[in-house]
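Enquirer: My structure is stored as input38.cif, with mmCIF, C-alpha atoms.
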```cif
data_run
loop_
_atom_site.label_atom_id
_atom_site.label_comp_id
_atom_site.auth_asym_id
_atom_site.auth_seq_id
_atom_site.Cartn_x
_atom_site.Cartn_y
_atom_site.Cartn_z
CA MET S 1 42.18 51.29 -172.55
CA PRO S 2 44.67 54.03 -171.56
CA LEU S 3 44.13 55.95 -168.35
CA PRO S 4 42.62 59.45 -168.77
CA VAL S 5 44.91 62.41 -168.09
CA TYR S 6 43.75 65.90 -167.13
CA ARG S 7 43.98 68.23 -170.16
CA GLY S 8 42.60 71.44 -168.70
CA ARG S 9 44.39 74.53 -167.49
CA PHE S 10 47.07 73.81 -164.92
CA GLY S 11 47.21 77.07 -163.01
CA LYS S 12 47.62 77.99 -159.37
CA PRO S 13 44.26 76.53 -158.19
CA GLN S 14 45.09 73.18 -159.80
CA ALA S 15 48.65 73.21 -158.41
CA GLU S 16 47.31 73.99 -154.95
CA ARG S 17 44.84 71.12 -155.13
CA LEU S 18 47.63 68.78 -156.22
CA LEU S 19 49.80 69.90 -153.29
CA TRP S 20 46.95 69.45 -150.82
CA ARG S 21 45.79 66.08 -152.13
CA GLY S 22 49.35 64.79 -152.57
CA GLY S 23 50.84 66.47 -149.52
CA PHE S 24 50.11 69.16 -146.97
CA GLY S 25 49.57 72.24 -149.04
CA PRO S 26 52.01 74.77 -150.50
CA ARG S 27 54.68 76.84 -148.88
CA PRO S 28 54.68 80.47 -150.08
CA GLY S 29 55.44 80.52 -153.80
CA GLU S 30 55.45 76.72 -154.13
CA ALA S 31 52.24 76.48 -156.15
CA GLU S 32 53.52 79.09 -158.61
CA ARG S 33 56.75 77.16 -159.07
CA LEU S 34 54.79 73.98 -159.66
CA VAL S 35 52.70 75.65 -162.37
CA LYS S 36 55.87 76.34 -164.35
CA LYS S 37 56.64 72.62 -164.39
CA GLY S 38 53.32 71.76 -166.01
CA LEU S 39 51.06 68.94 -164.87
CA HIS S 40 53.39 66.05 -165.69
CA GLY S 41 56.45 67.78 -164.28
CA ALA S 42 54.56 68.74 -161.14
CA VAL S 43 53.32 65.20 -160.51
CA HIS S 44 56.75 63.77 -161.28
CA SER S 45 58.32 66.10 -158.72
CA LEU S 46 55.99 64.67 -156.06
CA THR S 47 56.41 61.01 -157.00
CA HIS S 48 60.21 61.29 -157.48
CA PRO S 49 61.26 63.82 -154.82
CA GLY S 50 64.87 62.80 -154.20
CA ARG S 51 66.56 62.73 -150.81
CA GLU S 52 64.69 63.99 -147.78
CA ARG S 53 65.44 67.42 -146.35
CA LEU S 54 63.54 69.00 -143.48
CA LYS S 55 63.41 72.73 -144.12
CA GLY S 56 62.74 75.26 -141.37
CA PRO S 57 63.23 75.71 -137.62
CA LYS S 58 63.80 72.57 -135.57
CA PRO S 59 60.89 71.54 -133.34
CA HIS S 60 60.75 72.22 -129.61
CA ASP S 61 58.27 72.23 -126.74
CA ASP S 62 56.74 75.23 -124.99
CA ASN S 63 59.88 75.68 -122.90
CA GLY S 64 62.25 75.61 -125.85
CA ASN S 65 63.46 72.07 -125.18
CA PRO S 66 63.97 69.55 -128.02
CA LEU S 67 61.14 67.09 -128.50
CA ALA S 68 61.32 63.75 -126.71
CA PRO S 69 59.04 61.61 -128.93
CA TYR S 70 59.82 58.35 -127.09
CA ASP S 71 59.23 59.74 -123.63
CA ALA S 72 57.06 62.88 -123.36
CA TRP S 73 53.30 62.72 -123.80
CA GLY S 74 52.23 63.99 -127.21
CA HIS S 75 55.77 64.50 -128.48
CA ASP S 76 55.47 61.55 -130.86
CA GLU S 77 52.57 63.36 -132.51
CA LEU S 78 54.55 66.62 -132.63
CA TRP S 79 57.54 64.76 -134.08
CA TRP S 80 55.40 63.57 -136.98
CA LEU S 81 53.60 66.88 -137.43
CA ASP S 82 57.02 68.53 -137.70
CA ARG S 83 57.91 66.20 -140.56
CA MET S 84 54.66 67.04 -142.34
CA ALA S 85 55.34 70.76 -141.97
CA ARG S 86 59.04 70.74 -142.94
CA THR S 87 59.39 67.92 -145.46
CA ASN S 88 60.53 68.44 -149.03
CA ARG S 89 58.85 65.10 -149.87
CA PRO S 90 55.18 65.85 -149.13
CA LEU S 91 53.77 62.89 -151.05
CA VAL S 92 56.03 60.46 -149.17
CA GLU S 93 54.80 61.92 -145.89
CA ARG S 94 51.18 61.94 -147.07
CA MET S 95 51.48 58.27 -148.02
CA THR S 96 52.82 57.62 -144.52
CA LEU S 97 49.61 59.13 -143.16
CA ILE S 98 47.53 57.08 -145.59
CA TRP S 99 49.19 53.83 -144.54
CA HIS S 100 48.77 54.75 -140.87
CA ASP S 101 45.03 54.94 -141.56
CA TRP S 102 45.01 51.88 -143.82
CA PHE S 103 46.88 49.65 -141.34
CA ALA S 104 45.42 51.53 -138.36
CA THR S 105 47.50 50.77 -135.28
CA SER S 106 47.04 52.60 -131.99
CA ARG S 107 49.28 53.29 -129.03
CA ASP S 108 46.25 52.40 -126.91
CA GLY S 109 47.07 48.77 -127.66
CA VAL S 110 50.78 48.96 -128.40
CA ASP S 111 51.75 51.26 -125.50
CA SER S 112 55.17 52.04 -126.98
CA ALA S 113 56.07 55.23 -128.81
CA ARG S 114 59.30 53.58 -129.89
CA LEU S 115 57.48 50.78 -131.73
CA MET S 116 54.87 53.13 -133.20
CA ILE S 117 57.57 55.39 -134.63
CA LYS S 118 59.37 52.32 -135.99
CA GLN S 119 56.16 51.36 -137.82
CA ASN S 120 55.79 54.95 -138.99
CA ASN S 121 59.24 54.83 -140.54
CA LEU S 122 58.31 51.56 -142.25
CA PHE S 123 55.40 53.34 -143.96
CA ARG S 124 57.71 56.20 -144.93
CA THR S 125 60.31 53.87 -146.42
CA ARG S 126 57.96 51.49 -148.24
CA GLY S 127 55.05 53.82 -148.97
CA LEU S 128 55.47 54.12 -152.75
CA GLY S 129 57.07 50.74 -153.36
CA SER S 130 55.63 47.24 -153.60
CA PHE S 131 52.37 46.77 -151.72
CA LEU S 132 53.20 43.07 -151.36
CA THR S 133 56.46 44.00 -149.64
CA LEU S 134 54.67 46.57 -147.49
CA VAL S 135 51.92 44.23 -146.27
CA THR S 136 54.50 41.49 -145.63
CA GLU S 137 56.59 43.87 -143.54
CA VAL S 138 53.49 45.10 -141.69
CA THR S 139 52.62 41.48 -140.87
CA ARG S 140 55.83 41.09 -138.89
CA ASP S 141 56.00 44.66 -137.61
CA PRO S 142 56.28 44.67 -133.79
CA ALA S 143 53.59 47.33 -133.30
CA MET S 144 51.15 45.36 -135.46
CA LEU S 145 52.09 42.09 -133.75
CA LEU S 146 51.09 43.64 -130.43
CA TRP S 147 48.05 45.53 -131.76
CA LEU S 148 46.37 42.53 -133.42
CA SER S 149 47.58 39.76 -131.12
CA GLY S 150 50.26 38.38 -133.42
CA THR S 151 52.51 37.32 -130.55
CA ASP S 152 49.54 35.64 -128.85
CA ASN S 153 48.95 33.46 -131.91
CA THR S 154 50.42 29.98 -131.37
CA LYS S 155 49.86 26.54 -132.86
CA ASP S 156 48.20 25.43 -129.61
CA SER S 157 45.96 28.52 -129.41
CA PRO S 158 45.43 30.19 -132.79
CA ASN S 159 44.30 33.84 -132.66
CA GLU S 160 42.25 35.10 -135.62
CA ASN S 161 42.61 38.87 -135.08
CA TYR S 162 45.27 39.70 -137.62
CA GLY S 163 44.28 37.06 -140.17
CA ARG S 164 40.75 38.45 -140.31
CA GLU S 165 41.78 42.11 -140.59
CA LEU S 166 44.48 41.24 -143.13
CA MET S 167 41.72 40.11 -145.47
CA GLU S 168 38.81 42.34 -144.44
CA LEU S 169 40.53 45.72 -144.03
CA PHE S 170 43.97 45.51 -145.59
CA THR S 171 43.76 43.50 -148.82
CA LEU S 172 40.34 42.14 -149.89
CA GLY S 173 37.39 43.84 -148.22
CA ALA S 174 34.32 42.50 -146.45
CA ASP S 175 31.11 41.15 -147.97
CA ARG S 176 32.63 40.59 -151.39
CA GLY S 177 32.84 36.80 -151.30
CA ALA S 178 36.63 37.01 -151.14
CA TYR S 179 37.08 34.74 -148.16
CA THR S 180 35.23 32.42 -145.79
CA GLU S 181 35.37 31.77 -142.06
CA ARG S 182 37.48 28.74 -142.86
CA ASP S 183 39.98 31.01 -144.60
CA VAL S 184 40.11 33.11 -141.41
CA ARG S 185 40.89 30.06 -139.31
CA GLU S 186 43.48 28.77 -141.76
CA GLN S 187 45.13 32.19 -142.02
CA ALA S 188 45.40 32.25 -138.23
CA ARG S 189 47.25 28.91 -138.37
CA ALA S 190 49.59 30.19 -141.09
CA LEU S 191 50.38 33.30 -139.03
CA THR S 192 51.39 31.42 -135.88
CA GLY S 193 54.94 31.48 -134.54
CA TRP S 194 55.69 35.06 -133.49
CA ARG S 195 57.07 35.76 -130.04
CA ASN S 196 58.70 38.56 -128.09
CA ASP S 197 60.37 39.13 -124.73
CA TRP S 198 59.67 41.74 -122.07
CA ASN S 199 61.97 44.04 -120.13
CA ASP S 200 60.69 46.26 -117.33
CA ASN S 201 62.88 49.12 -118.55
CA ILE S 202 62.19 49.06 -122.29
CA GLY S 203 58.98 47.03 -122.52
CA PRO S 204 58.44 44.48 -125.32
CA PHE S 205 61.53 43.63 -127.40
CA ASP S 206 63.21 40.91 -129.46
CA PHE S 207 60.28 40.17 -131.75
CA ARG S 208 61.06 37.00 -133.66
CA PHE S 209 59.59 34.06 -135.51
CA ASP S 210 59.93 30.83 -133.55
CA PRO S 211 59.28 27.64 -135.55
CA ASP S 212 58.41 25.79 -132.33
CA TYR S 213 55.33 27.99 -131.94
CA HIS S 214 54.32 27.76 -135.61
CA ASP S 215 51.74 25.36 -136.99
CA GLY S 216 53.68 23.70 -139.78
CA GLY S 217 50.79 21.58 -140.99
CA VAL S 218 48.98 21.78 -144.30
CA LYS S 219 46.44 24.62 -144.60
CA THR S 220 43.80 25.38 -147.20
CA ILE S 221 43.48 29.10 -147.97
CA PHE S 222 41.37 30.40 -150.87
CA GLY S 223 41.14 26.79 -152.09
CA LYS S 224 44.91 26.37 -152.23
CA ARG S 225 46.77 23.80 -150.11
CA GLY S 226 50.22 24.11 -148.64
CA ARG S 227 52.34 24.39 -145.52
CA PHE S 228 51.74 28.12 -145.50
CA ASP S 229 53.44 30.57 -143.12
CA TRP S 230 53.19 34.33 -142.49
CA ARG S 231 54.86 35.24 -145.79
CA ASP S 232 52.38 33.10 -147.66
CA SER S 233 49.47 34.78 -145.87
CA SER S 234 50.38 38.15 -147.39
CA ARG S 235 51.24 36.69 -150.80
CA LEU S 236 47.98 34.74 -151.10
CA CYS S 237 45.95 37.86 -150.25
CA VAL S 238 47.76 40.15 -152.69
CA GLN S 239 47.58 37.58 -155.47
CA HIS S 240 43.87 36.99 -154.87
CA ARG S 241 41.71 37.90 -157.88
CA LEU S 242 39.69 40.42 -155.80
CA HIS S 243 42.67 42.23 -154.31
CA PRO S 244 43.44 44.65 -157.20
CA SER S 245 39.90 46.07 -157.21
CA PHE S 246 39.95 46.49 -153.42
CA PHE S 247 43.35 48.16 -153.51
CA VAL S 248 42.52 50.56 -156.34
CA ASN S 249 39.20 51.70 -154.90
CA LYS S 250 40.57 52.18 -151.40
CA LEU S 251 43.69 54.03 -152.55
CA TRP S 252 41.61 56.21 -154.92
CA SER S 253 39.36 57.26 -152.01
CA TYR S 254 42.27 58.99 -150.27
CA PHE S 255 42.76 61.33 -153.24
CA VAL S 256 39.31 61.70 -154.87
CA PRO S 257 35.98 61.83 -152.95
CA THR S 258 33.92 60.12 -155.67
CA LYS S 259 34.25 56.56 -156.93
CA PRO S 260 36.43 56.04 -160.01
CA PRO S 261 34.63 55.46 -163.32
CA ALA S 262 34.45 51.77 -164.14
CA ALA S 263 36.90 52.10 -167.06
CA THR S 264 39.37 54.00 -164.88
CA ALA S 265 39.16 51.44 -162.07
CA TRP S 266 39.76 48.61 -164.53
CA ALA S 267 42.74 50.39 -166.10
CA LEU S 268 44.24 51.15 -162.68
CA GLU S 269 43.86 47.51 -161.69
CA ARG S 270 45.68 46.41 -164.84
CA LEU S 271 48.41 48.97 -164.21
CA TYR S 272 48.80 47.78 -160.61
CA VAL S 273 49.12 44.12 -161.57
CA SER S 274 51.40 44.82 -164.55
CA LYS S 275 53.75 46.77 -162.28
CA LYS S 276 53.89 43.82 -159.87
CA TYR S 277 51.79 45.51 -157.18
CA ALA S 278 53.82 48.72 -157.11
CA VAL S 279 52.05 51.62 -155.38
CA GLY S 280 53.87 54.53 -157.02
CA PRO S 281 52.58 54.11 -160.59
CA VAL S 282 48.98 53.90 -159.37
CA VAL S 283 49.35 57.03 -157.23
CA GLU S 284 50.93 58.85 -160.16
CA ALA S 285 48.05 57.88 -162.44
CA ILE S 286 45.52 59.13 -159.87
CA LEU S 287 47.35 62.45 -159.50
CA LEU S 288 47.19 62.90 -163.27
CA HIS S 289 43.52 61.92 -163.57
CA PRO S 290 40.88 64.52 -164.56
CA ALA S 291 38.68 63.52 -161.58
CA LEU S 292 41.25 64.93 -159.19
CA TYR S 293 41.03 68.40 -160.76
CA ASN S 294 37.43 68.50 -162.00
CA GLY S 295 35.74 66.66 -159.15
CA PRO S 296 34.29 67.96 -155.87
CA ARG S 297 36.38 69.24 -153.02
CA MET S 298 37.53 67.10 -150.08
CA VAL S 299 37.63 68.03 -146.40
CA LYS S 300 41.19 68.16 -145.14
CA PRO S 301 41.96 65.81 -142.24
CA PRO S 302 42.97 67.77 -139.12
CA ALA S 303 46.63 66.77 -139.43
CA VAL S 304 46.71 67.98 -143.02
CA TYR S 305 44.97 71.24 -142.08
CA VAL S 306 47.41 71.98 -139.23
CA ALA S 307 50.50 71.03 -141.22
CA GLY S 308 49.27 73.12 -144.13
CA LEU S 309 48.86 76.23 -141.98
CA LEU S 310 52.35 75.75 -140.58
CA ARG S 311 53.78 75.36 -144.08
CA ALA S 312 51.96 78.46 -145.34
CA LEU S 313 53.26 80.51 -142.41
CA LYS S 314 56.74 78.92 -142.47
CA ARG S 315 56.23 78.23 -138.78
CA GLY S 316 57.84 75.31 -137.00
CA ILE S 317 56.65 73.24 -134.07
CA ASP S 318 57.11 75.60 -131.13
CA THR S 319 54.20 74.64 -128.88
CA GLU S 320 52.67 71.46 -127.52
CA ALA S 321 49.17 72.89 -128.04
CA TRP S 322 48.79 71.08 -131.36
CA THR S 323 48.32 67.77 -129.55
CA TRP S 324 45.13 68.73 -127.73
CA LEU S 325 43.90 70.94 -130.57
CA MET S 326 44.13 68.07 -133.05
CA SER S 327 42.39 65.81 -130.56
CA LEU S 328 39.52 68.29 -130.36
CA ALA S 329 39.44 68.35 -134.16
CA GLY S 330 39.00 64.57 -134.22
CA GLN S 331 42.43 63.21 -135.12
CA GLU S 332 45.19 62.13 -132.75
CA LEU S 333 48.16 60.81 -134.69
CA PHE S 334 49.18 57.34 -133.48
CA TYR S 335 45.69 56.95 -131.95
CA PRO S 336 43.24 55.98 -134.71
CA PRO S 337 39.82 55.23 -133.18
CA ASN S 338 39.79 51.57 -134.22
CA VAL S 339 41.38 49.09 -136.60
CA ALA S 340 39.35 50.51 -139.49
CA GLY S 341 41.02 53.93 -139.09
CA TRP S 342 39.36 57.34 -139.14
CA ASP S 343 35.97 58.08 -140.68
CA ASP S 344 36.63 60.85 -143.22
CA SER S 345 32.92 61.67 -143.39
CA ARG S 346 33.02 62.97 -139.81
CA TRP S 347 35.81 65.53 -140.02
CA LEU S 348 33.44 68.49 -139.81
CA ASP S 349 30.65 69.03 -137.30
CA THR S 350 29.77 71.75 -134.80
CA ALA S 351 32.36 70.49 -132.30
CA THR S 352 35.27 69.81 -134.62
CA PHE S 353 34.81 73.06 -136.54
CA ARG S 354 35.23 74.96 -133.27
CA ALA S 355 38.54 73.14 -132.88
CA ARG S 356 39.58 74.23 -136.38
CA TRP S 357 38.74 77.83 -135.48
CA MET S 358 41.04 77.47 -132.46
CA ILE S 359 43.73 75.87 -134.62
CA ALA S 360 43.64 78.84 -136.98
CA SER S 361 43.85 81.22 -134.02
CA HIS S 362 46.87 79.42 -132.55
CA ALA S 363 48.59 79.29 -135.94
CA ILE S 364 48.41 83.02 -136.60
CA ARG S 365 48.73 84.25 -133.00
CA PRO S 366 52.53 84.84 -133.07
CA HIS S 367 52.00 87.14 -136.05
CA GLU S 368 49.16 89.15 -134.53
CA LEU S 369 49.38 92.85 -135.38
CA ASP S 370 49.54 95.33 -132.49
CA SER S 371 46.81 97.89 -133.14
CA ASP S 372 48.61 100.44 -130.94
CA LYS S 373 51.71 100.28 -133.11
CA ALA S 374 50.78 99.06 -136.58
CA ARG S 375 49.60 101.75 -138.97
CA LEU S 376 47.90 100.18 -141.93
CA PRO S 377 46.05 101.66 -144.91
CA ASP S 378 42.42 102.61 -144.44
CA ASP S 379 41.59 100.69 -147.59
CA ALA S 380 39.45 97.53 -147.80
CA ALA S 381 41.12 96.13 -150.94
CA LYS S 382 44.62 96.62 -149.54
CA LEU S 383 43.77 95.05 -146.19
CA MET S 384 42.22 92.08 -147.97
CA SER S 385 45.29 91.70 -150.18
CA ARG S 386 47.58 91.85 -147.15
CA ALA S 387 45.62 89.14 -145.35
CA GLU S 388 45.72 86.88 -148.41
CA THR S 389 49.45 87.46 -148.85
CA PHE S 390 50.00 86.54 -145.20
CA LEU S 391 48.54 83.08 -145.90
CA GLY S 392 50.33 82.63 -149.20
CA LYS S 393 47.51 83.91 -151.42
CA PRO S 394 45.45 80.71 -151.30
CA ALA S 395 42.90 80.09 -154.02
CA ILE S 396 39.49 81.08 -152.64
CA THR S 397 36.05 81.32 -154.21
CA ALA S 398 34.55 84.59 -155.36
CA GLN S 399 31.84 84.16 -152.74
CA THR S 400 34.38 83.96 -149.90
CA ARG S 401 36.33 86.93 -151.23
CA ASN S 402 33.19 89.04 -151.59
CA GLU S 403 32.02 88.22 -148.06
CA LEU S 404 35.41 89.15 -146.61
CA LYS S 405 35.49 92.38 -148.59
CA ARG S 406 31.98 93.22 -147.37
CA PHE S 407 33.07 92.59 -143.78
CA THR S 408 36.13 94.79 -144.28
CA ARG S 409 34.16 97.69 -145.76
CA ARG S 410 31.54 97.56 -143.00
CA SER S 411 34.21 97.46 -140.31
CA LEU S 412 36.11 100.41 -141.79
CA ALA S 413 32.87 102.38 -142.06
CA ASN S 414 32.47 102.06 -138.29
CA ALA S 415 35.81 103.80 -137.71
CA THR S 416 34.40 107.27 -137.14
CA ALA S 417 36.68 108.61 -134.40
CA GLN S 418 40.36 109.33 -135.09
CA TRP S 419 41.62 106.61 -132.75
CA LYS S 420 39.40 104.12 -134.55
CA LYS S 421 40.79 105.18 -137.92
CA GLU S 422 44.29 104.50 -136.56
CA GLN S 423 43.64 101.18 -134.80
CA TYR S 424 40.82 99.52 -136.73
CA PRO S 425 42.85 98.58 -139.85
CA ALA S 426 45.23 96.38 -137.82
CA LEU S 427 42.32 94.82 -135.92
CA ILE S 428 40.49 94.21 -139.17
CA GLU S 429 43.50 92.55 -140.78
CA ASN S 430 43.90 90.28 -137.74
CA ALA S 431 40.24 89.34 -138.14
CA LEU S 432 40.65 88.78 -141.88
CA ARG S 433 43.56 86.41 -141.29
CA GLN S 434 41.47 84.40 -138.83
CA LEU S 435 38.40 84.37 -141.06
CA LEU S 436 40.41 83.39 -144.10
CA ALA S 437 42.34 80.64 -142.30
CA SER S 438 39.10 79.13 -140.98
CA SER S 439 37.02 79.73 -144.12
CA PRO S 440 35.29 76.82 -145.91
CA ASP S 441 37.81 77.22 -148.75
CA LEU S 442 40.73 76.36 -146.46
CA GLN S 443 38.94 73.45 -144.80
CA THR S 444 38.64 71.73 -148.16
CA CYS S 445 40.83 71.21 -151.19
#
```
When written as structure tokens, how does the structure in this file appear?

Expert:
Amino acid sequence: MPLPVYRGRFGKPQAERLLWRGGFGPRPGEAERLVKKGLHGAVHSLTHPGRERLKGPKPHDDNGNPLAPYDAWGHDELWWLDRMARTNRPLVERMTLIWHDWFATSRDGVDSARLMIKQNNLFRTRGLGSFLTLVTEVTRDPAMLLWLSGTDNTKDSPNENYGRELMELFTLGADRGAYTERDVREQARALTGWRNDWNDNIGPFDFRFDPDYHDGGVKTIFGKRGRFDWRDSSRLCVQHRLHPSFFVNKLWSYFVPTKPPAATAWALERLYVSKKYAVGPVVEAILLHPALYNGPRMVKPPAVYVAGLLRALKRGIDTEAWTWLMSLAGQELFYPPNVAGWDDSRWLDTATFRARWMIASHAIRPHELDSDKARLPDDAAKLMSRAETFLGKPAITAQTRNELKRFTRRSLANATAQWKKEQYPALIENALRQLLASSPDLQTC
């Protein structure tokens, strides 16, 4: 059965949703340009973006100094946020964020920005290629080896941490009958042999496979016998009969908030296997699917929300405030809360929404209008149009637009004195920008 493809109108709202789900939102005019390409051309431009170019001002800290992502606190997070905001390959960068959540690794356990950024670049390089290659590379990745005790796993003292999560969280899923406790123990044996050295100046280094530390004996994994090693661990998981369904459903959940129809899931699984576990074709099929355009909205993760505001305003990283603001909003890049990653159902509550209000305020603050100098029209429709233009004319609901217009009219009606008539329009537009940037419409896509 062929995969369904969206056949409805592909206008600006649909292009915006595509750019938010498959990236970090549009720069000014980007959604309109995407509309001209049509659905297939738009999706193809995301999945086949060409060489990377970072467009816009180079990042710096509050004092104007270049970022030091390996050394300064929070600069690794700013380094990545800069890439999200300036990239011409938004889907590649979005997939990097997805894999960071999928293979959740935290600096709390790794304690090395250098190794975390190396892993980040692995996700960026392999993100749309073979999942088998990706999971194999993650298995030997130094940050992952430290995070899930890979270098503590020896033939004399097997450690089950990575072997268990490889199956439960990365490839097969829990409580599906995909593996047994014996499989966990045997995977741990297969994954033995990794070591590293330590230097007081640079920390852990020289990660390598040492046959003397590897259990070379026969193992039985998923009912198959062999002298399996770390490469076999990944291969056996990806070739397991229950892996395609796990992969498709988990990947789908990053783009669409409802489960895929049974026929769609089956067709995506067949596509995935027929393409030899390639990620790109499955992502492309999801981005073309009607459920992405007709289904309910999704809450933007904090990193996506911040990067999207920066893209809309064509603003670069020029402050370190984003680190603590994103933490308040519930997402610190390079610090997922646990090995299962972030819980997308908890992005919005009374605490985290306050952080989003502050994020919007910080984003628009450099562009704040001076009410003593700016002389704007005493016209509700024009002020509303100006505020929308400032944020790239995002698609908003009629309800949001009507509420903002009502606020604008009431505020202008209160300008009875001459000085109020002169200063209120600028103050109102500042308020409209803040209200629009923090509106429900811009928290979801």

Enquirer: Please evaluate the PyMOL selection byres ((chain S and resi 9-22) around 6) against the structure above and give the resulting residues as an MDAnalysis selection string.

Expert: chainID S and resid 8 23:25 31 35 91 255 395 445

Enquirer: Can you tell me, as a short mmCIF file (atom, residue, chain, number, x, y, z; two decimals) with C-alpha atoms, in the coordinates of the input, what residues are no more than 9 Å from S:Thr352 when counting all atoms listed in the file, ignoring any on the same chain fewer than 5 positions away?

Expert:
```cif
data_model
loop_
_atom_site.label_atom_id
_atom_site.label_comp_id
_atom_site.auth_asym_id
_atom_site.auth_seq_id
_atom_site.Cartn_x
_atom_site.Cartn_y
_atom_site.Cartn_z
CA LEU S 328 39.52 68.29 -130.36
CA ALA S 329 39.44 68.35 -134.16
CA GLY S 330 39.00 64.57 -134.22
CA ARG S 346 33.02 62.97 -139.81
CA TRP S 347 35.81 65.53 -140.02
CA TRP S 357 38.74 77.83 -135.48
#
```

Enquirer: Residues near S:Phe123, anyone? I mean within 7 Å using only C-alpha atoms, not counting same-chain ones fewer than 3 positions away, as a ChimeraX atom specification.

Expert: /S:96,99,119-120,126-127

Enquirer: For stretch 375-383 of chain S, list every protein, DNA or RNA residue within 12 Å, evaluated using only C-alpha atoms, and leave out those in the same chain fewer than 4 positions away; present the list as JSON, numbers by chain.

Expert: {"S": [369, 370, 371, 387, 388, 389, 390, 401, 402, 403, 404, 405, 406, 407, 408, 409, 410, 411, 412, 413, 414, 415, 416, 418, 419, 420, 421, 422, 423, 424, 425, 426, 427, 428, 429, 430, 431, 432, 433]}

Enquirer: Which distance in Å separates atom CA of S:Val43 and atom CA of S:Phe103, to one decimal?

Expert: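 Taking atom CA of S:Val43 and atom CA of S:Phe103, their separation equals 25.5 Å.
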
Enquirer: Counting all atoms listed in the file, what are the residues of stretch 116-195 of chain S within 12 Å of stretch 55-70 of chain S, and for each of them which pair of atoms is the nearest and at what distance in Å, to one decimal? Sort the table by chain and rising number, as a tab-separated table.

Expert:
```
residue	atom	partner	partner_atom	distance
S:Met116	CA	S:Tyr70	CA	9.4
S:Ile117	CA	S:Tyr70	CA	8.4
S:Lys118	CA	S:Tyr70	CA	10.8
```

Enquirer: What does the structure give for the distance between atom CA of S:Met95 and atom CA of S:Ala312, in Å to one decimal?

Expert: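 Going from atom CA of S:Met95 over to atom CA of S:Ala312 covers 20.4 Å.
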
Enquirer: Do you know which residues the PyMOL selection byres ((chain S and resi 5) around 10) returns on this file, as a count of residues only?

Expert: 16

Enquirer: Measuring atom to atom with all atoms listed in the file, identify which of S:Asp349, S:Glu186, S:Glu320, S:Asp200 is nearest to S:His362.

Expert: S:Glu320

Enquirer: Select, from S:Asp101, S:Asp318, S:Asp183, S:Asp206, the residue with the minimum atom-to-atom distance to S:Lys224, counting all atoms listed in the file.

Expert: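 Residue with the minimum atom-to-atom distance to S:Lys224: S:Asp183.
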
Enquirer: Looking at only C-alpha atoms, which of S:Ser149, S:Ser106, S:Ser253, S:Gln399 is the one that sits closest to S:Asp343?

Expert: S:Ser253

Enquirer: Starting from the PyMOL selection byres ((chain S and resi 153) around 10), expand the selection into actual residues of this file and give them as number ranges by chain.

Expert: S: 145, 148-152, 154-162, 188-195, 213-215

Enquirer: Using only C-alpha atoms, pick whichever of S:Ala143, S:Leu436, S:Leu442, S:Val135 has the shortest atom-to-atom distance to S:Pro301.

Expert: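 Using only C-alpha atoms, S:Pro301 sits closest to S:Leu442.
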
Enquirer: Between S:Glu168, S:Asp229, S:Glu332, S:Glu137, which is the closest to S:Pro302 once you count all atoms listed in the file?

Expert: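 Nearest to S:Pro302: S:Glu332.
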
Enquirer: Taking all atoms of stretch 184-191 of chain S that the file lists and extending 8 Å past them on each side, where is the centre of the axis-aligned box and how long are its edges? Answer in Å to one decimal, as AutoDock Vina command-line options.

Expert:
```
--center_x 45.2 --center_y 31.0 --center_z -140.1 --size_x 26.3 --size_y 20.5 --size_z 19.8
```

Enquirer: My list of candidates is S:Pro211, S:Gly41, S:Gly316, S:Gly50. Which is closest to S:Trp230 when distances are computed with only C-alpha atoms?

Expert: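 For S:Trp230, the nearest of the given residues is S:Pro211.
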
Enquirer: Write out as a PyMOL selection string each polymer residue whose atoms come within 12 Å of stretch 170-179 of chain S, counting only C-alpha atoms; drop sequence neighbours fewer than 4 positions from it.

Expert: chain S and resi 99-104+131-132+134-136+138-139+162-166+183-187+220-223+233-251+277+339-341

Enquirer: Record the distance separating atom CA of S:Glu368 and atom CA of S:Arg354, expressed in Å with one decimal.

Expert: 19.9 Å

Enquirer: Give me the residues near S:Gly392 as a list in words, where near means some atom within 8 Å (using all atoms listed in the file) and where sequence neighbours in that chain fewer than 6 positions away do not count.

Expert: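 Contacts, in chain order: Arg27, Pro28, Gly29, Ala312 and Leu313 of chain S.
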